[in-house]
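As stored in final25.txt (compact mmCIF, C-alpha atoms):
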```
# COMPACT_ATOMS: atom_id res chain seq x y z
CA MET S 1 -30.65 0.39 9.69
CA PRO S 2 -28.84 -0.29 6.40
CA THR S 3 -30.95 -0.42 3.24
CA ARG S 4 -30.16 -2.39 0.10
CA ARG S 5 -28.46 0.72 -1.26
CA ASN S 6 -26.30 0.96 1.85
CA THR S 7 -25.49 -2.74 1.61
CA LEU S 8 -24.13 -2.11 -1.89
CA LEU S 9 -22.06 0.76 -0.51
CA LEU S 10 -20.81 -1.45 2.32
CA THR S 11 -19.80 -4.13 -0.18
CA LEU S 12 -17.82 -1.64 -2.26
CA ILE S 13 -16.04 -0.15 0.73
CA LEU S 14 -15.25 -3.51 2.29
CA GLY S 15 -13.70 -4.34 -1.06
CA LEU S 16 -11.49 -1.29 -0.60
CA SER S 17 -10.60 -2.56 2.87
CA ALA S 18 -9.53 -5.91 1.44
CA PHE S 19 -7.47 -4.09 -1.19
CA LEU S 20 -5.69 -2.02 1.44
CA ALA S 21 -5.06 -5.06 3.60
CA SER S 22 -3.53 -6.94 0.68
CA HIS S 23 -1.15 -4.04 0.03
CA ASP S 24 -0.16 -3.41 3.64
CA GLY S 25 -0.78 -6.27 6.05
CA ALA S 26 1.35 -4.56 8.70
CA MET S 27 -1.49 -2.25 9.64
CA PHE S 28 -3.73 -5.17 10.54
CA ALA S 29 -0.93 -6.86 12.46
CA VAL S 30 -0.51 -3.81 14.68
CA GLU S 31 -4.23 -3.36 15.10
CA GLU S 32 -4.96 -6.97 16.01
CA LYS S 33 -2.14 -7.10 18.55
CA THR S 34 -3.51 -4.07 20.38
CA PRO S 35 -6.34 -5.15 22.71
CA PRO S 36 -9.60 -3.20 22.51
CA PRO S 37 -10.40 -0.78 25.32
CA SER S 38 -11.66 -2.52 28.45
CA PRO S 39 -15.42 -2.05 29.05
CA ALA S 40 -14.58 -1.42 32.69
CA ALA S 41 -12.45 1.57 31.78
CA THR S 42 -15.48 3.79 31.35
CA ALA S 43 -19.10 3.76 32.49
CA ASP S 44 -20.21 5.08 29.10
CA PRO S 45 -19.55 2.56 26.27
CA PHE S 46 -19.89 5.39 23.75
CA ALA S 47 -17.22 7.57 25.37
CA VAL S 48 -14.19 7.87 23.10
CA PRO S 49 -11.08 6.61 24.90
CA ASP S 50 -7.91 8.63 25.23
CA ALA S 51 -5.86 6.14 23.26
CA PRO S 52 -3.45 5.74 20.33
CA PRO S 53 -4.76 5.43 16.76
CA ALA S 54 -4.78 1.61 16.73
CA ASP S 55 -7.03 1.50 19.81
CA LEU S 56 -9.23 4.25 18.41
CA LEU S 57 -9.67 2.26 15.22
CA ASN S 58 -10.79 -0.76 17.24
CA PHE S 59 -13.21 1.46 19.14
CA ALA S 60 -14.60 2.97 15.92
CA ARG S 61 -15.02 -0.48 14.42
CA ALA S 62 -16.93 -1.64 17.52
CA MET S 63 -19.16 1.44 17.31
CA LEU S 64 -19.78 0.79 13.62
CA LEU S 65 -21.00 -2.70 14.47
CA LYS S 66 -23.34 -1.27 17.09
CA ARG S 67 -24.69 1.23 14.58
CA MET S 68 -25.30 -1.41 11.95
CA LEU S 69 -27.08 -3.61 14.49
CA GLY S 70 -29.28 -0.71 15.58
CA GLU S 71 -27.79 -0.41 19.08
CA SER S 72 -28.13 3.32 19.89
CA PRO S 73 -27.18 4.12 16.27
CA ASP S 74 -27.07 7.90 16.73
CA LYS S 75 -24.73 7.64 19.74
CA ALA S 76 -22.57 5.14 17.86
CA LYS S 77 -22.39 7.44 14.85
CA ALA S 78 -21.35 10.41 17.00
CA ALA S 79 -18.72 8.28 18.73
CA ILE S 80 -17.28 7.18 15.39
CA GLY S 81 -17.09 10.77 14.23
CA ALA S 82 -15.28 11.82 17.41
CA ALA S 83 -12.86 8.88 17.28
CA VAL S 84 -12.05 9.47 13.64
CA GLY S 85 -11.50 13.17 14.36
CA ARG S 86 -8.89 12.26 16.95
CA ILE S 87 -7.21 9.76 14.65
CA LEU S 88 -6.90 12.28 11.84
CA LYS S 89 -5.22 14.74 14.24
CA SER S 90 -2.74 12.08 15.38
CA LYS S 91 0.43 10.72 13.85
CA THR S 92 -0.73 7.72 11.83
CA THR S 93 0.24 5.44 8.99
CA GLU S 94 -1.45 6.07 5.66
CA ASN S 95 -3.55 2.94 5.99
CA GLN S 96 -4.66 3.85 9.51
CA ARG S 97 -5.95 7.15 8.16
CA ARG S 98 -7.78 5.39 5.36
CA PHE S 99 -9.43 2.89 7.64
CA ALA S 100 -10.51 5.76 9.87
CA LEU S 101 -12.00 7.55 6.87
CA GLN S 102 -13.77 4.36 5.82
CA TYR S 103 -15.36 3.94 9.25
CA ARG S 104 -16.53 7.55 9.17
CA VAL S 105 -18.02 7.05 5.71
CA LEU S 106 -19.69 3.75 6.63
CA ALA S 107 -21.23 5.39 9.68
CA ALA S 108 -22.84 8.00 7.42
CA TYR S 109 -24.76 5.53 5.22
CA ASP S 110 -26.12 8.40 3.09
CA PRO S 111 -23.97 9.54 0.12
CA LYS S 112 -25.03 13.14 0.85
CA GLU S 113 -23.42 12.86 4.28
CA ILE S 114 -20.28 11.48 2.68
CA LEU S 115 -20.16 14.51 0.39
CA ALA S 116 -20.61 16.82 3.40
CA PHE S 117 -17.71 15.06 5.14
CA ALA S 118 -15.59 15.60 2.03
CA ASP S 119 -16.43 19.30 2.18
CA GLU S 120 -15.21 19.38 5.81
CA LEU S 121 -11.92 17.83 4.75
CA LYS S 122 -11.29 20.67 2.30
CA THR S 123 -10.33 22.78 5.32
CA SER S 124 -9.55 20.26 8.05
CA GLY S 125 -7.91 17.37 6.21
CA THR S 126 -5.15 16.65 3.73
CA LYS S 127 -5.47 16.49 -0.04
CA SER S 128 -4.99 12.74 0.20
CA ASP S 129 -7.83 12.46 2.75
CA LEU S 130 -10.12 14.50 0.54
CA ARG S 131 -9.34 12.46 -2.56
CA TYR S 132 -9.88 9.19 -0.74
CA VAL S 133 -13.25 10.20 0.73
CA THR S 134 -14.31 11.55 -2.66
CA SER S 135 -13.53 8.15 -4.16
CA LEU S 136 -15.73 6.54 -1.50
CA TYR S 137 -18.51 8.98 -2.32
CA LEU S 138 -18.26 8.11 -6.02
CA SER S 139 -18.31 4.41 -5.11
CA ALA S 140 -21.54 5.05 -3.21
CA GLN S 141 -23.01 6.80 -6.22
CA ILE S 142 -22.03 3.90 -8.46
CA ALA S 143 -23.76 1.52 -6.05
CA ASN S 144 -26.88 3.66 -6.20
CA ASN S 145 -26.79 3.71 -10.00
CA LEU S 146 -26.51 -0.08 -10.18
CA ASN S 147 -29.53 -0.28 -7.90
CA SER S 148 -31.72 2.34 -9.60
CA ARG S 149 -30.64 1.80 -13.25
CA ASN S 150 -31.54 5.45 -13.99
CA PRO S 151 -29.68 6.45 -17.21
CA ALA S 152 -29.60 10.18 -16.39
CA ASP S 153 -28.16 9.62 -12.92
CA TRP S 154 -25.60 7.16 -14.25
CA ALA S 155 -24.47 9.63 -16.91
CA ILE S 156 -23.73 12.19 -14.18
CA THR S 157 -21.81 9.69 -12.04
CA ARG S 158 -19.90 8.39 -15.05
CA ASP S 159 -18.70 11.90 -15.94
CA LYS S 160 -17.73 12.66 -12.32
CA ALA S 161 -15.83 9.40 -11.93
CA MET S 162 -13.90 9.93 -15.16
CA GLN S 163 -13.05 13.50 -14.21
CA PHE S 164 -11.89 12.33 -10.79
CA LEU S 165 -9.50 9.79 -12.29
CA LYS S 166 -8.16 12.34 -14.77
CA GLU S 167 -7.65 15.31 -12.45
CA ALA S 168 -4.73 13.93 -10.41
CA THR S 169 -1.99 11.34 -10.77
CA VAL S 170 -3.61 7.99 -10.07
CA ARG S 171 -2.29 5.68 -7.38
CA ALA S 172 -2.88 2.05 -6.52
CA SER S 173 -5.53 3.17 -4.04
CA ASP S 174 -7.60 4.43 -7.00
CA ILE S 175 -7.88 0.93 -8.50
CA PRO S 176 -10.94 -0.19 -6.46
CA LEU S 177 -12.96 2.83 -7.62
CA ALA S 178 -11.80 2.36 -11.21
CA SER S 179 -12.76 -1.32 -11.03
CA ALA S 180 -16.23 -0.49 -9.71
CA PHE S 181 -16.58 2.18 -12.39
CA ALA S 182 -15.60 -0.22 -15.17
CA ALA S 183 -17.89 -2.97 -13.86
CA ALA S 184 -20.82 -0.56 -13.69
CA SER S 185 -20.17 0.60 -17.23
CA GLU S 186 -20.22 -2.99 -18.45
CA THR S 187 -23.59 -3.45 -16.73
CA LEU S 188 -25.25 -0.12 -17.52
CA ASP S 189 -23.77 0.94 -20.87
CA ALA S 190 -24.01 -0.50 -24.36
CA PRO S 191 -20.96 -2.67 -25.20
CA THR S 192 -19.46 -0.06 -27.54
CA ASP S 193 -19.77 2.65 -24.88
CA ALA S 194 -18.36 0.34 -22.21
CA ALA S 195 -15.36 -0.38 -24.45
CA LYS S 196 -14.71 3.37 -24.76
CA THR S 197 -14.91 3.75 -20.98
CA PHE S 198 -12.51 0.84 -20.47
CA ALA S 199 -10.08 2.37 -22.96
CA ALA S 200 -10.20 5.79 -21.28
CA ILE S 201 -9.55 4.29 -17.84
CA ARG S 202 -6.84 2.03 -19.29
CA ASP S 203 -4.98 5.02 -20.76
CA ILE S 204 -5.04 6.81 -17.40
CA PHE S 205 -3.53 3.87 -15.53
CA ALA S 206 -1.11 2.85 -18.28
CA ALA S 207 0.64 6.20 -17.77
CA GLY S 208 1.33 5.34 -14.11
CA LYS S 209 4.73 4.27 -12.83
CA GLU S 210 3.65 1.74 -10.20
CA ASP S 211 3.54 -1.91 -11.24
CA ALA S 212 0.00 -2.22 -9.85
CA LEU S 213 -1.17 0.53 -12.21
CA THR S 214 0.26 -1.01 -15.37
CA GLN S 215 -1.02 -4.42 -14.34
CA PHE S 216 -4.50 -2.96 -13.92
CA ALA S 217 -4.19 -1.37 -17.37
CA GLY S 218 -3.55 -4.87 -18.71
CA VAL S 219 -6.72 -6.11 -17.04
CA LEU S 220 -8.64 -3.34 -18.79
CA ASP S 221 -7.15 -4.40 -22.14
CA ALA S 222 -8.86 -7.75 -21.62
CA SER S 223 -12.09 -5.97 -20.67
CA ILE S 224 -11.93 -4.02 -23.92
CA ARG S 225 -11.59 -7.26 -25.89
CA ARG S 226 -14.58 -8.65 -23.99
CA ALA S 227 -16.77 -5.64 -24.78
CA ASN S 228 -15.65 -5.57 -28.41
CA ALA S 229 -16.65 -9.21 -28.81
CA PHE S 230 -20.26 -8.07 -29.07
CA GLY S 231 -21.55 -8.50 -32.62
CA SER S 232 -18.57 -10.55 -33.76
CA LYS S 233 -17.18 -14.07 -33.54
CA PRO S 234 -15.34 -14.48 -30.22
CA THR S 235 -11.85 -15.89 -29.80
CA LEU S 236 -12.49 -19.15 -27.98
CA GLU S 237 -9.76 -21.76 -27.60
CA GLY S 238 -9.15 -24.90 -25.62
CA LYS S 239 -9.78 -28.61 -25.49
CA LEU S 240 -12.82 -30.56 -24.43
CA LEU S 241 -12.34 -32.87 -21.47
CA THR S 242 -12.69 -35.69 -23.98
CA GLY S 243 -9.39 -34.53 -25.53
CA GLN S 244 -10.78 -33.01 -28.74
CA THR S 245 -9.66 -29.52 -29.75
CA LEU S 246 -12.49 -27.00 -29.60
CA LYS S 247 -13.63 -25.88 -33.06
CA LEU S 248 -16.40 -23.29 -33.03
CA ASP S 249 -17.20 -24.11 -36.65
CA ASP S 250 -18.51 -27.45 -35.39
CA TYR S 251 -21.34 -25.53 -33.71
CA LYS S 252 -22.31 -23.38 -36.68
CA GLY S 253 -26.06 -23.33 -37.11
CA ARG S 254 -26.63 -23.75 -33.36
CA VAL S 255 -27.27 -21.15 -30.68
CA VAL S 256 -24.45 -21.51 -28.16
CA LEU S 257 -24.25 -20.38 -24.55
CA VAL S 258 -20.62 -19.87 -23.53
CA ASP S 259 -20.50 -20.34 -19.76
CA PHE S 260 -17.43 -19.38 -17.70
CA TRP S 261 -17.61 -21.14 -14.33
CA ALA S 262 -15.71 -23.19 -11.72
CA THR S 263 -16.51 -26.02 -9.34
CA TRP S 264 -15.42 -23.83 -6.37
CA CYS S 265 -17.83 -21.02 -7.34
CA GLY S 266 -21.02 -21.09 -5.26
CA PRO S 267 -23.12 -18.95 -7.62
CA CYS S 268 -21.94 -21.12 -10.54
CA LEU S 269 -23.09 -24.28 -8.82
CA ALA S 270 -26.41 -22.63 -7.98
CA GLU S 271 -26.89 -21.86 -11.68
CA ILE S 272 -26.32 -25.45 -12.86
CA PRO S 273 -29.92 -26.65 -12.24
CA ASN S 274 -31.23 -23.81 -14.42
CA LEU S 275 -28.71 -24.65 -17.15
CA GLU S 276 -29.72 -28.31 -16.97
CA ARG S 277 -33.37 -27.31 -17.33
CA VAL S 278 -32.69 -25.00 -20.27
CA TYR S 279 -30.42 -27.55 -21.96
CA ALA S 280 -33.05 -30.28 -21.72
CA LYS S 281 -35.72 -27.92 -23.05
CA TYR S 282 -33.85 -26.53 -26.05
CA LYS S 283 -31.09 -28.98 -27.02
CA ASN S 284 -33.25 -30.59 -29.70
CA ARG S 285 -34.06 -27.18 -31.15
CA GLY S 286 -30.45 -26.29 -31.96
CA PHE S 287 -29.07 -25.17 -28.60
CA GLU S 288 -25.69 -26.03 -27.09
CA ILE S 289 -23.69 -25.05 -24.02
CA LEU S 290 -19.90 -24.76 -23.86
CA SER S 291 -18.67 -24.46 -20.27
CA PHE S 292 -15.18 -22.96 -19.83
CA SER S 293 -13.85 -23.99 -16.44
CA LEU S 294 -11.62 -21.72 -14.34
CA ASP S 295 -10.58 -24.66 -12.14
CA GLN S 296 -6.85 -25.16 -11.65
CA ASP S 297 -7.29 -28.78 -10.55
CA ARG S 298 -8.27 -30.77 -13.63
CA GLY S 299 -8.79 -33.94 -11.61
CA ALA S 300 -11.31 -32.25 -9.32
CA LEU S 301 -13.08 -30.80 -12.37
CA GLU S 302 -13.33 -34.17 -14.10
CA ALA S 303 -14.62 -35.82 -10.93
CA PHE S 304 -17.27 -33.14 -10.46
CA VAL S 305 -18.47 -33.35 -14.07
CA ALA S 306 -18.67 -37.16 -13.88
CA ASN S 307 -20.49 -37.19 -10.54
CA ARG S 308 -22.92 -34.50 -11.60
CA GLY S 309 -23.45 -36.03 -15.03
CA ILE S 310 -23.17 -32.72 -16.88
CA PRO S 311 -24.20 -33.52 -20.46
CA TRP S 312 -22.71 -30.60 -22.39
CA PRO S 313 -19.05 -30.07 -23.40
CA ILE S 314 -16.56 -28.76 -20.82
CA VAL S 315 -13.66 -26.72 -22.21
CA TYR S 316 -10.22 -26.61 -20.58
CA GLY S 317 -6.63 -25.85 -21.59
CA ASP S 318 -3.48 -27.91 -21.88
CA ASN S 319 -2.19 -27.24 -18.35
CA GLY S 320 -4.93 -25.15 -16.83
CA PRO S 321 -7.98 -23.12 -17.86
CA SER S 322 -8.52 -22.22 -21.50
CA PRO S 323 -6.42 -19.26 -22.74
CA SER S 324 -9.72 -17.54 -23.52
CA VAL S 325 -10.28 -16.96 -19.79
CA ALA S 326 -7.26 -14.63 -19.58
CA TYR S 327 -7.80 -13.23 -23.07
CA TYR S 328 -11.21 -11.86 -22.07
CA GLY S 329 -10.23 -11.09 -18.49
CA VAL S 330 -12.94 -13.27 -16.99
CA SER S 331 -12.66 -13.31 -13.21
CA SER S 332 -16.17 -12.63 -11.92
CA ILE S 333 -18.19 -15.79 -12.52
CA PRO S 334 -20.57 -17.13 -13.63
CA TYR S 335 -20.14 -15.11 -16.81
CA MET S 336 -22.06 -16.13 -19.91
CA LEU S 337 -22.00 -15.10 -23.57
CA LEU S 338 -24.73 -16.01 -26.04
CA LEU S 339 -23.85 -16.74 -29.67
CA ASP S 340 -26.36 -16.80 -32.51
CA LYS S 341 -26.46 -19.43 -35.25
CA ASN S 342 -23.74 -17.58 -37.17
CA GLY S 343 -21.39 -17.69 -34.20
CA ASN S 344 -21.65 -13.98 -33.38
CA VAL S 345 -22.01 -12.70 -29.80
CA VAL S 346 -25.52 -11.30 -29.39
CA ASN S 347 -25.51 -10.90 -25.62
CA LEU S 348 -22.73 -10.23 -23.11
CA ASN S 349 -23.06 -11.42 -19.51
CA VAL S 350 -26.41 -13.17 -19.89
CA SER S 351 -28.33 -13.76 -16.67
CA GLY S 352 -29.92 -17.14 -16.13
CA SER S 353 -33.35 -15.59 -15.65
CA GLU S 354 -33.43 -14.18 -19.18
CA LEU S 355 -32.17 -17.25 -21.01
CA ASP S 356 -35.59 -18.64 -21.92
CA SER S 357 -36.83 -15.45 -23.56
CA LEU S 358 -33.58 -14.99 -25.48
CA LEU S 359 -33.54 -18.57 -26.72
CA GLU S 360 -37.17 -18.41 -27.85
CA LYS S 361 -36.22 -15.48 -30.06
CA LEU S 362 -33.06 -17.06 -31.45
CA LEU S 363 -34.23 -20.63 -32.05
CA THR S 364 -36.54 -21.77 -34.81
CA PRO S 365 -39.72 -23.63 -33.77
CA ASP S 366 -39.64 -27.40 -33.62
CA GLN S 367 -39.94 -29.00 -37.00
```

Mind turning the file's structure into structure tokens?
Amino acid sequence: MPTRRNTLLLTLILGLSAFLASHDGAMFAVEEKTPPPSPAATADPFAVPDAPPADLLNFARAMLLKRMLGESPDKAKAAIGAAVGRILKSKTTENQRRFALQYRVLAAYDPKEILAFADELKTSGTKSDLRYVTSLYLSAQIANNLNSRNPADWAITRDKAMQFLKEATVRASDIPLASAFAAASETLDAPTDAAKTFAAIRDIFAAGKEDALTQFAGVLDASIRRANAFGSKPTLEGKLLTGQTLKLDDYKGRVVLVDFWATWCGPCLAEIPNLERVYAKYKNRGFEILSFSLDQDRGALEAFVANRGIPWPIVYGDNGPSPSVAYYGVSSIPYMLLLDKNGNVVNLNVSGSELDSLLEKLLTPDQ
């Protein structure tokens, strides 16, 4: 059965699936219009049908579900391997091949098995197949590193991922791995090291000719600004819902939590009770919260704030979210920065569970 490590791997690879689907919806249209093999067609549900690639993909997907649910997992795994083998020998679209490779990788669970599959492809597959499976293997390693937080292991994965991105001309299909790599660096590395990693990845993709590559390079520019904000005064702009222009100087001498959130974000809403608790506990000791909303609907935002009775300032823009949201490339929320009494960023991406200990260190005792 899948472990937490495998769940992380599954999350990363399903993200790749979503990326592929968004860049080529035709593959899904063909697959969904092709009915799955009839159970009556064979007495053995694990027997691979003699069918075209779209049907084989449906079969492999069904077997993957059986494996994940623990229904004869070894038989399901063998069936997936056989089905994928047939697909790779057939005439397919590029996305059909990639989905087949994903199913084979997901069936493996273990990164070592993924690496063994990559070795097989050195002789039996194409260079594109090998590169794609290698990217999935590196994604699995990144997931493991985020789980274990072992600095030595992460250093090895970081070097391998960078080398992988450098050794061949990058394509849009490399963006999911690069995104996972960058996100892991932001979590596991010091801000200055993360900024260097962002810059190195940015330079690789900026040299690409596809629009998706240069757009991704622009996203990394924002990530660099975010990482470089550590230890300095951030660029924060916007207007409070009350209509006043935000002036950070007004908060000098106070410890400020900068909270990027949205009313449609489940994890953000789940964090509000903790923020309310912390705000009530520390507001009289020199603590303030500035919440930057990513909502596009100002009316819905104002209604939510009024109904909830949020007591701290909410920051917005003239015709949408504050420009600071795009400037720092904030998309994964909640995302919180902590500023000291001088207005300098002392912590990037604060977690709610560590707020109390950080504030106790930064705030003076009650007078």

(request) For atom CA of Val325 of chain S and atom CA of Asp295 of chain S, determine how far apart the two atoms are, in Å to one decimal place. (result) 10.9 Å

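From atom CA of Ile314 of chain S back to atom CA of Asp356 of chain S, the distance works out to 21.6 Å.
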
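Using only C-alpha atoms for every distance, the candidate list S:Thr92, S:Asn228, S:Thr197, S:Asn319 yields S:Thr197 as the residue closest to Met162 of chain S.
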
(request) Do a neighbour search on Ala82 of chain S at 12 Å with only C-alpha atoms, toss out local chain neighbours closer than 6 positions, and write the hits as a list of chain:residue names. (result)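 Near Ala82 of chain S, the qualifying residues are S:Phe46, S:Ala47, S:Val48, S:Pro49, S:Asp50, S:Leu56, S:Leu57, S:Phe59, S:Ala60, S:Met63, S:Lys75, S:Ala76, S:Leu88, S:Lys89, S:Ala100, S:Leu101, S:Tyr103, S:Arg104, S:Ala107.
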
Selection file, C-alpha atoms, as a compact mmCIF listing (two decimals), in the frame of the given file:
```txt
# COMPACT_ATOMS: atom_id res chain seq x y z
CA PHE S 46 -19.89 5.39 23.75
CA ALA S 47 -17.22 7.57 25.37
CA VAL S 48 -14.19 7.87 23.10
CA PRO S 49 -11.08 6.61 24.90
CA ASP S 50 -7.91 8.63 25.23
CA LEU S 56 -9.23 4.25 18.41
CA LEU S 57 -9.67 2.26 15.22
CA PHE S 59 -13.21 1.46 19.14
CA ALA S 60 -14.60 2.97 15.92
CA MET S 63 -19.16 1.44 17.31
CA LYS S 75 -24.73 7.64 19.74
CA ALA S 76 -22.57 5.14 17.86
CA LEU S 88 -6.90 12.28 11.84
CA LYS S 89 -5.22 14.74 14.24
CA ALA S 100 -10.51 5.76 9.87
CA LEU S 101 -12.00 7.55 6.87
CA TYR S 103 -15.36 3.94 9.25
CA ARG S 104 -16.53 7.55 9.17
CA ALA S 107 -21.23 5.39 9.68
```

(message) Using Å and a single decimal, report how far atom CA of Leu188 of chain S sits from atom CA of Lys341 of chain S.
(response) 26.2 Å

(request) Give me the residues within 7 Å of segment 169-180 of chain S as JSON, numbers by chain, counting only C-alpha atoms and dropping any in the same chain fewer than 2 places off. (result) {"S": [16, 135, 139, 165, 182, 183, 184, 205, 208, 212, 213]}

Write a file of the just-selected residues containing C-alpha atoms, as an mmCIF file, in the frame of the given file.
```cif
data_model
loop_
_atom_site.group_PDB
_atom_site.id
_atom_site.type_symbol
_atom_site.label_atom_id
_atom_site.label_comp_id
_atom_site.auth_asym_id
_atom_site.auth_seq_id
_atom_site.Cartn_x
_atom_site.Cartn_y
_atom_site.Cartn_z
ATOM 1 C CA LEU S 16 -11.490 -1.290 -0.600
ATOM 2 C CA SER S 135 -13.530 8.150 -4.160
ATOM 3 C CA SER S 139 -18.310 4.410 -5.110
ATOM 4 C CA LEU S 165 -9.500 9.790 -12.290
ATOM 5 C CA ALA S 182 -15.600 -0.220 -15.170
ATOM 6 C CA ALA S 183 -17.890 -2.970 -13.860
ATOM 7 C CA ALA S 184 -20.820 -0.560 -13.690
ATOM 8 C CA PHE S 205 -3.530 3.870 -15.530
ATOM 9 C CA GLY S 208 1.330 5.340 -14.110
ATOM 10 C CA ALA S 212 0.000 -2.220 -9.850
ATOM 11 C CA LEU S 213 -1.170 0.530 -12.210
#
```

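Compared by their closest atoms to Asn147 of chain S, and using only C-alpha atoms, the residues S:Ala116, S:Thr187, S:Arg97, S:Lys77 rank with S:Thr187 nearest.
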
Distance table requested - segment 305-346 of chain S against segment 244-263 of chain S, cut-off 7 Å, only C-alpha atoms: one row per qualifying residue with the closest atom pair and its distance in Å to one decimal, ordered by chain and rising residue number, as a tab-separated table.
```
residue	atom	partner	partner_atom	distance
S:Ile333	CA	S:Trp261	CA	5.7
S:Pro334	CA	S:Trp261	CA	5.0
S:Tyr335	CA	S:Phe260	CA	5.1
S:Met336	CA	S:Asp259	CA	4.5
S:Leu337	CA	S:Val258	CA	5.0
S:Leu338	CA	S:Leu257	CA	4.6
S:Leu339	CA	S:Val256	CA	5.0
S:Asp340	CA	S:Val255	CA	4.8
S:Lys341	CA	S:Gly253	CA	4.3
S:Asn342	CA	S:Lys252	CA	6.0
S:Gly343	CA	S:Lys252	CA	6.3
```

Using the file's own x, y and z axes, so that the box edges lie along x, y and z, what centre and edge lengths in Å (one decimal) does a box around every listed atom of segment 42-49 of chain S get when 3 Å is added on each side? Give it as lines of an AutoDock Vina configuration file.
```
center_x = -15.6
center_y = 5.2
center_z = 27.8
size_x = 15.1
size_y = 11.3
size_z = 15.4
```

(request) Excluding Leu294 of chain S and residues on its chain fewer than 3 positions from it, collect all residues at most 10 Å away from it, counting all atoms listed in the file, and give them as number ranges by chain. (result) S: 260-265, 291, 297-298, 301, 315-317, 320-322, 325-326, 330-331, 333

(request) Check the smallest atom-to-atom distance from each of S:Arg226, S:Lys122, S:Lys281, S:Arg308 to Ala195 of chain S using only C-alpha atoms, then report the winner. (result)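 The closest residue to Ala195 of chain S is S:Arg226.
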
(request) Give as a PyMOL selection string every residue, naming chains and numbers as the document does, that has an atom within 10 Å of (-23.1, 3.4, -9.3), counting all atoms listed in the file. (result) chain S and resi 8-9+138-150+153-155+157-158+161+180-181+183-185+188

(request) Point out the residue among S:Glu210, S:Asp55, S:Asp318, S:Glu271 with the least atom-to-atom distance to Lys239 of chain S, counting only C-alpha atoms. (result) S:Asp318

(request) For each of S:Val350, S:Ala207, S:Ala83, S:Leu136, take the minimum atom-to-atom distance to Leu64 of chain S, counting only C-alpha atoms, then give the residue where this is smallest. (result)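 Among the listed residues, S:Ala83 lies closest to Leu64 of chain S.
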